[in-house]
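Trainee: Dropping in target.pdb, which is PDB, C-alpha atoms:
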```pdb
ATOM      1  CA  MET A   3       0.000   0.000   0.000
ATOM      2  CA  ASP A   4       1.447   3.377  -0.919
ATOM      3  CA  GLU A   5       1.836   6.143   1.640
ATOM      4  CA  LEU A   6      -1.244   8.122   0.587
ATOM      5  CA  GLU A   7      -3.547   5.101   0.809
ATOM      6  CA  ARG A   8      -2.069   4.120   4.161
ATOM      7  CA  ILE A   9      -2.826   7.563   5.604
ATOM      8  CA  LYS A  10      -6.337   7.565   4.158
ATOM      9  CA  ALA A  11      -7.013   4.196   5.838
ATOM     10  CA  MET A  12      -6.144   5.549   9.297
ATOM     11  CA  THR A  13      -8.714   6.618  11.839
ATOM     12  CA  PRO A  14      -8.611  10.308  12.862
ATOM     13  CA  GLU A  15      -6.831   9.291  16.058
ATOM     14  CA  GLU A  16      -4.241   7.275  14.136
ATOM     15  CA  GLN A  17      -3.692  10.165  11.720
ATOM     16  CA  GLN A  18      -3.057  12.565  14.605
ATOM     17  CA  ALA A  19      -0.607  10.154  16.219
ATOM     18  CA  TYR A  20       1.151   9.797  12.867
ATOM     19  CA  LEU A  21       1.452  13.564  12.444
ATOM     20  CA  ASP A  22       2.749  13.869  16.018
ATOM     21  CA  SER A  23       5.432  11.271  15.231
ATOM     22  CA  LEU A  24       6.538  13.324  12.203
ATOM     23  CA  GLN A  25       6.903  16.389  14.384
ATOM     24  CA  ALA A  26       8.955  14.492  16.967
ATOM     25  CA  CYS A  27      11.410  13.041  14.433
ATOM     26  CA  GLU A  28      14.953  14.437  14.713
ATOM     27  CA  HIS A  29      16.196  12.544  11.605
ATOM     28  CA  ASN A  30      19.120  11.080  13.488
ATOM     29  CA  CYS A  31      18.794   7.564  12.093
ATOM     30  CA  ALA A  32      22.036   6.380  13.662
ATOM     31  CA  THR A  33      20.568   6.533  17.187
ATOM     32  CA  CYS A  34      16.835   6.216  16.441
ATOM     33  CA  GLU A  35      15.083   3.064  17.660
ATOM     34  CA  GLN A  36      11.843   3.680  15.761
ATOM     35  CA  GLU A  37      10.930   1.536  12.752
ATOM     36  CA  CYS A  38       9.420   4.250  10.535
ATOM     37  CA  GLY A  39      10.507   2.795   7.196
ATOM     38  CA  SER A  40      12.570   5.854   6.354
ATOM     39  CA  LYS A  41      16.041   5.582   7.871
ATOM     40  CA  VAL A  42      17.440   8.327   5.682
ATOM     41  CA  GLN A  43      20.407  10.413   6.758
ATOM     42  CA  LYS A  44      20.383  14.117   6.016
ATOM     43  CA  PRO A  45      22.612  14.802   2.992
ATOM     44  CA  ALA A  46      23.207  18.446   3.970
ATOM     45  CA  LYS A  47      23.242  20.651   7.033
ATOM     46  CA  VAL A  48      19.979  22.214   5.820
ATOM     47  CA  VAL A  49      17.473  20.496   3.531
ATOM     48  CA  LEU A  50      15.026  22.974   2.010
ATOM     49  CA  ILE A  51      12.129  22.099  -0.258
ATOM     50  CA  VAL A  52      10.843  24.699  -2.698
ATOM     51  CA  THR A  53       7.126  24.224  -3.220
ATOM     52  CA  SER A  54       3.991  25.876  -4.549
ATOM     53  CA  GLY A  55       0.281  25.207  -4.714
ATOM     54  CA  LYS A  56       0.108  25.535  -8.505
ATOM     55  CA  GLY A  57       2.303  25.369 -11.561
ATOM     56  CA  GLY A  58       3.874  28.323 -13.324
ATOM     57  CA  THR A  59       5.121  30.156 -10.246
ATOM     58  CA  GLY A  60       8.804  29.851 -11.161
ATOM     59  CA  LYS A  61       9.942  27.392  -8.466
ATOM     60  CA  SER A  62      12.802  26.089 -10.566
ATOM     61  CA  ALA A  63      14.177  29.551 -11.311
ATOM     62  CA  VAL A  64      13.913  30.414  -7.614
ATOM     63  CA  SER A  65      15.809  27.219  -6.729
ATOM     64  CA  VAL A  66      18.664  28.092  -9.090
ATOM     65  CA  LEU A  67      18.917  31.736  -8.020
ATOM     66  CA  LEU A  68      18.836  30.775  -4.346
ATOM     67  CA  ALA A  69      21.639  28.244  -4.904
ATOM     68  CA  LYS A  70      23.667  31.006  -6.569
ATOM     69  CA  ALA A  71      23.008  33.357  -3.638
ATOM     70  CA  ILE A  72      24.177  30.713  -1.141
ATOM     71  CA  ARG A  73      27.356  30.127  -3.123
ATOM     72  CA  LYS A  74      27.901  33.895  -3.216
ATOM     73  CA  GLN A  75      28.029  33.758   0.605
ATOM     74  CA  GLY A  76      30.943  31.322   0.388
ATOM     75  CA  ALA A  77      28.859  28.243   1.259
ATOM     76  CA  SER A  78      27.941  25.158  -0.749
ATOM     77  CA  ALA A  79      24.542  24.385  -2.273
ATOM     78  CA  ALA A  80      23.197  21.625  -4.516
ATOM     79  CA  ILE A  81      19.852  21.164  -6.269
ATOM     80  CA  LEU A  82      17.717  18.040  -6.459
ATOM     81  CA  ASP A  83      15.105  18.333  -9.194
ATOM     82  CA  ALA A  84      12.351  16.122  -7.707
ATOM     83  CA  ASP A  85       9.851  16.901 -10.456
ATOM     84  CA  ILE A  86      10.277  13.582 -12.243
ATOM     85  CA  ALA A  87       7.854  14.248 -15.107
ATOM     86  CA  GLY A  88       8.297  18.012 -15.381
ATOM     87  CA  PHE A  89      12.031  18.567 -14.809
ATOM     88  CA  THR A  90      13.350  21.962 -15.922
ATOM     89  CA  ILE A  91      16.490  22.669 -13.882
ATOM     90  CA  PRO A  92      18.997  21.145 -16.366
ATOM     91  CA  ALA A  93      17.587  23.061 -19.342
ATOM     92  CA  MET A  94      17.701  26.339 -17.401
ATOM     93  CA  LEU A  95      21.375  25.718 -16.646
ATOM     94  CA  GLY A  96      22.309  24.593 -20.149
ATOM     95  CA  MET A  97      22.788  20.954 -19.113
ATOM     96  CA  THR A  98      21.445  19.275 -22.241
ATOM     97  CA  GLU A  99      23.327  15.962 -22.386
ATOM     98  CA  PRO A 100      22.437  12.819 -20.385
ATOM     99  CA  VAL A 101      25.284  12.117 -17.960
ATOM    100  CA  LEU A 102      24.220  10.169 -14.891
ATOM    101  CA  GLY A 103      23.362   6.986 -16.774
ATOM    102  CA  ASP A 104      27.045   6.477 -17.637
ATOM    103  CA  MET A 105      28.278   6.843 -14.063
ATOM    104  CA  PRO A 106      29.137   3.873 -11.795
ATOM    105  CA  GLU A 107      27.344   5.634  -8.927
ATOM    106  CA  LEU A 108      24.691   8.283  -8.631
ATOM    107  CA  LYS A 109      26.234  11.665  -7.896
ATOM    108  CA  PRO A 110      25.488  15.286  -8.810
ATOM    109  CA  VAL A 111      26.723  16.811 -12.036
ATOM    110  CA  GLU A 112      28.003  20.376 -11.913
ATOM    111  CA  SER A 113      26.555  22.945 -14.257
ATOM    112  CA  ALA A 114      28.870  25.271 -16.158
ATOM    113  CA  ASP A 115      28.368  27.698 -13.281
ATOM    114  CA  GLY A 116      29.434  25.168 -10.644
ATOM    115  CA  ILE A 117      26.021  24.197  -9.214
ATOM    116  CA  PRO A 118      25.762  20.438  -8.426
ATOM    117  CA  VAL A 119      22.498  19.081  -9.856
ATOM    118  CA  VAL A 120      20.643  15.772  -9.809
ATOM    119  CA  SER A 121      17.650  15.513 -12.149
ATOM    120  CA  MET A 122      15.888  13.140 -14.487
ATOM    121  CA  GLY A 123      16.835  15.680 -17.147
ATOM    122  CA  ILE A 124      20.439  14.457 -17.036
ATOM    123  CA  ILE A 125      19.533  10.782 -16.668
ATOM    124  CA  VAL A 126      17.095  10.127 -19.520
ATOM    125  CA  GLU A 127      18.467   9.787 -23.029
ATOM    126  CA  ASP A 128      15.763  11.985 -24.562
ATOM    127  CA  ALA A 129      14.612  14.887 -22.391
ATOM    128  CA  LEU A 130      11.649  15.451 -24.730
ATOM    129  CA  GLU A 131      10.138  12.006 -24.147
ATOM    130  CA  PRO A 132       7.274  12.118 -21.600
ATOM    131  CA  VAL A 133       7.641  10.130 -18.369
ATOM    132  CA  LEU A 134       4.527   7.919 -18.439
ATOM    133  CA  TRP A 135       4.708   6.311 -15.020
ATOM    134  CA  PRO A 136       2.109   5.983 -12.247
ATOM    135  CA  GLY A 137       2.427   8.633  -9.557
ATOM    136  CA  LYS A 138       3.561   6.204  -6.863
ATOM    137  CA  ASP A 139       6.360   4.910  -9.125
ATOM    138  CA  MET A 140       7.550   8.442  -9.817
ATOM    139  CA  ALA A 141       7.493   9.065  -6.064
ATOM    140  CA  LYS A 142       9.709   6.022  -5.478
ATOM    141  CA  LEU A 143      12.170   7.296  -8.089
ATOM    142  CA  ALA A 144      12.189  10.770  -6.533
ATOM    143  CA  VAL A 145      12.963   9.224  -3.137
ATOM    144  CA  TRP A 146      15.738   7.123  -4.693
ATOM    145  CA  LEU A 147      17.367  10.258  -6.126
ATOM    146  CA  PHE A 148      17.421  11.746  -2.632
ATOM    147  CA  LYS A 149      18.584   8.642  -0.746
ATOM    148  CA  ASP A 150      21.084   7.059  -3.129
ATOM    149  CA  THR A 151      22.878  10.099  -4.514
ATOM    150  CA  LYS A 152      26.436  10.513  -3.266
ATOM    151  CA  TRP A 153      26.118  14.147  -2.216
ATOM    152  CA  PRO A 154      29.240  16.276  -1.599
ATOM    153  CA  GLU A 155      30.771  15.947   1.853
ATOM    154  CA  GLY A 156      29.910  18.830   4.185
ATOM    155  CA  LEU A 157      27.161  20.155   1.909
ATOM    156  CA  ASP A 158      25.636  23.253   3.496
ATOM    157  CA  VAL A 159      22.236  23.403   1.768
ATOM    158  CA  LEU A 160      20.348  20.936  -0.411
ATOM    159  CA  ILE A 161      17.548  22.643  -2.330
ATOM    160  CA  VAL A 162      14.782  20.276  -3.462
ATOM    161  CA  ASP A 163      12.711  21.623  -6.346
ATOM    162  CA  MET A 164       9.338  19.926  -5.827
ATOM    163  CA  PRO A 165       6.498  19.323  -8.290
ATOM    164  CA  SER A 166       3.511  21.578  -7.663
ATOM    165  CA  GLY A 167       0.542  20.614  -5.539
ATOM    166  CA  ALA A 168       0.021  17.715  -3.146
ATOM    167  CA  GLY A 169       0.624  14.577  -5.217
ATOM    168  CA  ASP A 170       2.550  11.392  -4.501
ATOM    169  CA  ILE A 171       6.039  12.911  -4.668
ATOM    170  CA  PRO A 172       5.410  15.757  -2.179
ATOM    171  CA  LEU A 173       3.628  13.357   0.161
ATOM    172  CA  GLU A 174       6.515  10.868   0.118
ATOM    173  CA  TYR A 175       9.030  13.629   0.780
ATOM    174  CA  TYR A 176       7.026  15.280   3.534
ATOM    175  CA  THR A 177       6.443  12.001   5.361
ATOM    176  CA  THR A 178       9.684  10.060   4.852
ATOM    177  CA  MET A 179      12.542  12.453   4.043
ATOM    178  CA  PRO A 180      14.616  14.467   6.548
ATOM    179  CA  LEU A 181      13.381  17.944   5.612
ATOM    180  CA  ASP A 182      14.228  21.025   7.643
ATOM    181  CA  TYR A 183      12.155  23.766   6.019
ATOM    182  CA  ALA A 184       9.787  24.541   3.176
ATOM    183  CA  LEU A 185       9.888  27.645   1.009
ATOM    184  CA  ALA A 186       6.663  28.531  -0.800
ATOM    185  CA  VAL A 187       6.787  30.316  -4.151
ATOM    186  CA  ALA A 188       3.804  32.334  -5.346
ATOM    187  CA  GLU A 189       2.877  34.936  -7.894
ATOM    188  CA  PRO A 190       0.848  38.011  -6.933
ATOM    189  CA  GLY A 191      -2.871  38.338  -7.484
ATOM    190  CA  GLU A 192      -6.073  37.072  -5.941
ATOM    191  CA  THR A 193      -6.242  33.934  -8.096
ATOM    192  CA  ALA A 194      -2.926  32.712  -6.672
ATOM    193  CA  SER A 195      -3.754  33.282  -3.004
ATOM    194  CA  GLY A 196      -5.723  30.049  -2.581
ATOM    195  CA  ALA A 197      -2.938  27.985  -4.127
ATOM    196  CA  LEU A 198      -0.407  29.627  -1.826
ATOM    197  CA  ARG A 199      -2.487  28.857   1.248
ATOM    198  CA  ARG A 200      -2.843  25.217   0.166
ATOM    199  CA  ALA A 201       0.929  24.871  -0.139
ATOM    200  CA  ILE A 202       1.464  26.413   3.290
ATOM    201  CA  ASN A 203      -1.300  24.353   4.892
ATOM    202  CA  LEU A 204       0.093  21.112   3.450
ATOM    203  CA  ALA A 205       3.520  21.775   4.951
ATOM    204  CA  ASP A 206       1.949  22.763   8.270
ATOM    205  CA  MET A 207      -0.214  19.641   8.349
ATOM    206  CA  LEU A 208       2.780  17.375   7.744
ATOM    207  CA  ARG A 209       4.940  19.228  10.253
ATOM    208  CA  VAL A 210       7.533  20.848   7.980
ATOM    209  CA  PRO A 211       8.141  24.483   9.027
ATOM    210  CA  VAL A 212       7.529  27.061   6.291
ATOM    211  CA  MET A 213      10.350  29.565   6.643
ATOM    212  CA  GLY A 214       8.834  32.041   4.223
ATOM    213  CA  VAL A 215       7.284  32.913   0.894
ATOM    214  CA  VAL A 216       9.030  34.074  -2.270
ATOM    215  CA  GLU A 217       6.959  36.467  -4.363
ATOM    216  CA  ASN A 218       7.856  35.855  -7.985
ATOM    217  CA  PHE A 219       6.841  38.086 -10.914
ATOM    218  CA  ALA A 220       6.260  40.835  -8.354
ATOM    219  CA  GLU A 221       4.307  43.876  -9.523
ATOM    220  CA  GLU A 222       3.779  47.177  -7.753
ATOM    221  CA  GLY A 223       0.372  47.282  -6.100
ATOM    222  CA  MET A 224      -0.184  43.512  -6.400
ATOM    223  CA  GLY A 225       1.433  42.026  -3.302
ATOM    224  CA  ILE A 226       0.794  38.664  -1.673
ATOM    225  CA  ALA A 227       1.330  39.672   1.954
ATOM    226  CA  ALA A 228      -2.386  39.451   2.747
ATOM    227  CA  SER A 229      -2.447  35.822   1.617
ATOM    228  CA  CYS A 230       0.536  34.898   3.767
ATOM    229  CA  GLU A 231      -0.890  35.996   7.115
ATOM    230  CA  THR A 232       1.832  35.006   9.624
ATOM    231  CA  ILE A 233       4.320  33.675   7.023
ATOM    232  CA  PRO A 234       6.896  36.314   6.041
ATOM    233  CA  VAL A 235       7.714  37.268   2.473
ATOM    234  CA  VAL A 236      11.461  36.545   2.468
ATOM    235  CA  ALA A 237      12.224  37.497  -1.127
ATOM    236  CA  SER A 238      10.541  39.401  -3.923
ATOM    237  CA  LEU A 239      11.630  38.945  -7.514
ATOM    238  CA  PRO A 240      10.203  41.470 -10.009
ATOM    239  CA  TYR A 241       9.193  40.351 -13.474
ATOM    240  CA  ASP A 242      12.210  40.754 -15.737
ATOM    241  CA  PRO A 243      12.246  39.782 -19.450
ATOM    242  CA  ALA A 244      16.013  39.258 -19.151
ATOM    243  CA  LEU A 245      15.426  36.593 -16.501
ATOM    244  CA  ARG A 246      12.923  34.798 -18.712
ATOM    245  CA  ARG A 247      15.377  34.890 -21.646
ATOM    246  CA  ALA A 248      18.236  33.600 -19.508
ATOM    247  CA  ALA A 249      16.154  30.651 -18.297
ATOM    248  CA  GLY A 250      14.888  29.895 -21.795
ATOM    249  CA  GLU A 251      18.379  29.986 -23.297
ATOM    250  CA  GLY A 252      19.987  27.801 -20.624
ATOM    251  CA  LYS A 253      21.920  30.707 -19.131
ATOM    252  CA  LEU A 254      20.132  31.178 -15.806
ATOM    253  CA  GLY A 255      23.366  30.434 -13.956
ATOM    254  CA  SER A 256      24.810  33.724 -15.196
ATOM    255  CA  TYR A 257      21.786  35.876 -14.316
ATOM    256  CA  GLU A 258      22.638  38.282 -11.504
ATOM    257  CA  THR A 259      20.260  39.460  -8.769
ATOM    258  CA  ASP A 260      20.541  40.324  -5.079
ATOM    259  CA  ALA A 261      16.902  39.375  -4.382
ATOM    260  CA  PHE A 262      17.909  36.194  -2.544
ATOM    261  CA  ASP A 263      20.904  37.444  -0.558
ATOM    262  CA  TYR A 264      18.910  37.950   2.658
ATOM    263  CA  LEU A 265      17.308  34.501   2.376
ATOM    264  CA  ALA A 266      20.683  32.874   1.709
ATOM    265  CA  ARG A 267      22.180  34.448   4.830
ATOM    266  CA  ALA A 268      19.164  33.403   6.902
ATOM    267  CA  LEU A 269      19.440  29.819   5.710
ATOM    268  CA  LEU A 270      23.126  29.630   6.506
ATOM    269  CA  GLU A 271      22.489  30.877  10.025
ATOM    270  CA  LEU A 272      20.258  27.810  10.545
ATOM    271  CA  ARG A 273      23.064  25.317   9.872
TER
END
```
For the structure just supplied, provide its representation as structure tokens.
Mentor:
Amino acid sequence: MDELERIKAMTPEEQQAYLDSLQACEHNCATCEQECGSKVQKPAKVVLIVTSGKGGTGKSAVSVLLAKAIRKQGASAAILDADIAGFTIPAMLGMTEPVLGDMPELKPVESADGIPVVSMGIIVEDALEPVLWPGKDMAKLAVWLFKDTKWPEGLDVLIVDMPSGAGDIPLEYYTTMPLDYALAVAEPGETASGALRRAINLADMLRVPVMGVVENFAEEGMGIAASCETIPVVASLPYDPALRRAAGEGKLGSYETDAFDYLARALLELR
């Protein structure tokens, strides 16, 4: 039985006990006596998932620019593209050739700009072929990428670019992976506020702290602060045609912005 069906089959009391156990987990598998089925060591000092309640918010671009900002602070950052069917990180960074399939072990591949990346986009032979797998199988593959990758020693921050919404992959990560924080990405406007709240509520329900919201495609007079309530807006990235071109041409690694410098410093203080 997959994780979603197992949770659905629980009584309300069992669900609450399960959520309480998630909150109590310290992800120190070496000393833990619980049999939770996870047993996954943290691959970095801070594991941050980048999420949203809907597609098209620019999560992948935010993940790349945040990794650049962390590296600018003199720390290390890697990206795991957990969107198995909708991977975009490699194309944004100009990584167009399959690489991981030829390696004796699974390890990140550095972009031309020095960002270590793991993604289906550099595993599959043809990045244009659709991934036609059931959701639970894609979730298992996404978990395998997290667990079996040989991540760099002493990695400061692992950024996990999640698929949108609350499907099998987010559920598997929220309930079985050692996550420290979630970062929600949203675009301004009333139509996006419900999606933002769903993303925040999902993380809250599964006991992953939301450290903040990134407002992407920001426009004057169209903020998202009212939708966030008690969650702070930690970065605001204005709409910029140059950013869109850089991502579309595989040159996002060379796009410069200071919009994520504050967030990068805050993350590194949590190590």
Trainee: Which of these residues is nearest to Thr177 (chain A), using all atoms listed in the file: A:Leu157, A:Val119, A:Leu143, A:Val42?
Mentor: A:Val42
Trainee: With the file shown as input, list the residues that the PyMOL selection byres ((chain A and resi 244) around 12) selects, as a list of chain:residue names.
Mentor: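 Output of the PyMOL selection byres ((chain A and resi 244) around 12): A:Pro240, A:Tyr241, A:Asp242, A:Pro243, A:Leu245, A:Arg246, A:Arg247, A:Ala248, A:Ala249, A:Gly250, A:Glu251, A:Lys253, A:Leu254, A:Ser256, A:Tyr257, A:Glu258, A:Thr259.
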Trainee: Once the PyMOL selection byres ((chain A and resi 98) around 10) has been applied to the shown file, what residues remain in the selection, as a ChimeraX atom specification?
Mentor: /A:92-97,99-101,123-124,127-129,252
Trainee: When distances are computed from only C-alpha atoms, which of A:Ala266, A:Ala114, A:Ala205, A:Val210 shows the smallest separation from Leu181 (chain A)?
Mentor: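 Of A:Ala266, A:Ala114, A:Ala205, A:Val210, the one nearest Leu181 (chain A) is A:Val210, counting only C-alpha atoms.
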Trainee: Restricting the calculation to all atoms listed in the file: of A:Ser113, A:Asn203, A:Thr59, A:Thr232, which residue gets closest to Pro190 (chain A)?
Mentor: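 Between A:Ser113, A:Asn203, A:Thr59, A:Thr232, the residue approaching Pro190 (chain A) most closely is A:Thr59.
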Trainee: Here's the selection I'm unsure about, the PyMOL selection byres ((chain A and resi 85) around 9); applied to the file above, which residues does it give, as a list in words?
Mentor: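 Checking the PyMOL selection byres ((chain A and resi 85) around 9) against this file, the residues are Leu82, Asp83, Ala84, Ile86, Ala87, Gly88, Phe89, Thr90, Ser121, Met122, Met140, Ala144, Asp163, Met164, Pro165, Ser166 and Ile171 of chain A.
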Trainee: At what distance in Å, to one decimal, does CA of Leu160 (chain A) lie from CA of Val48 (chain A)?
Mentor: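 It comes out at 6.4 Å.
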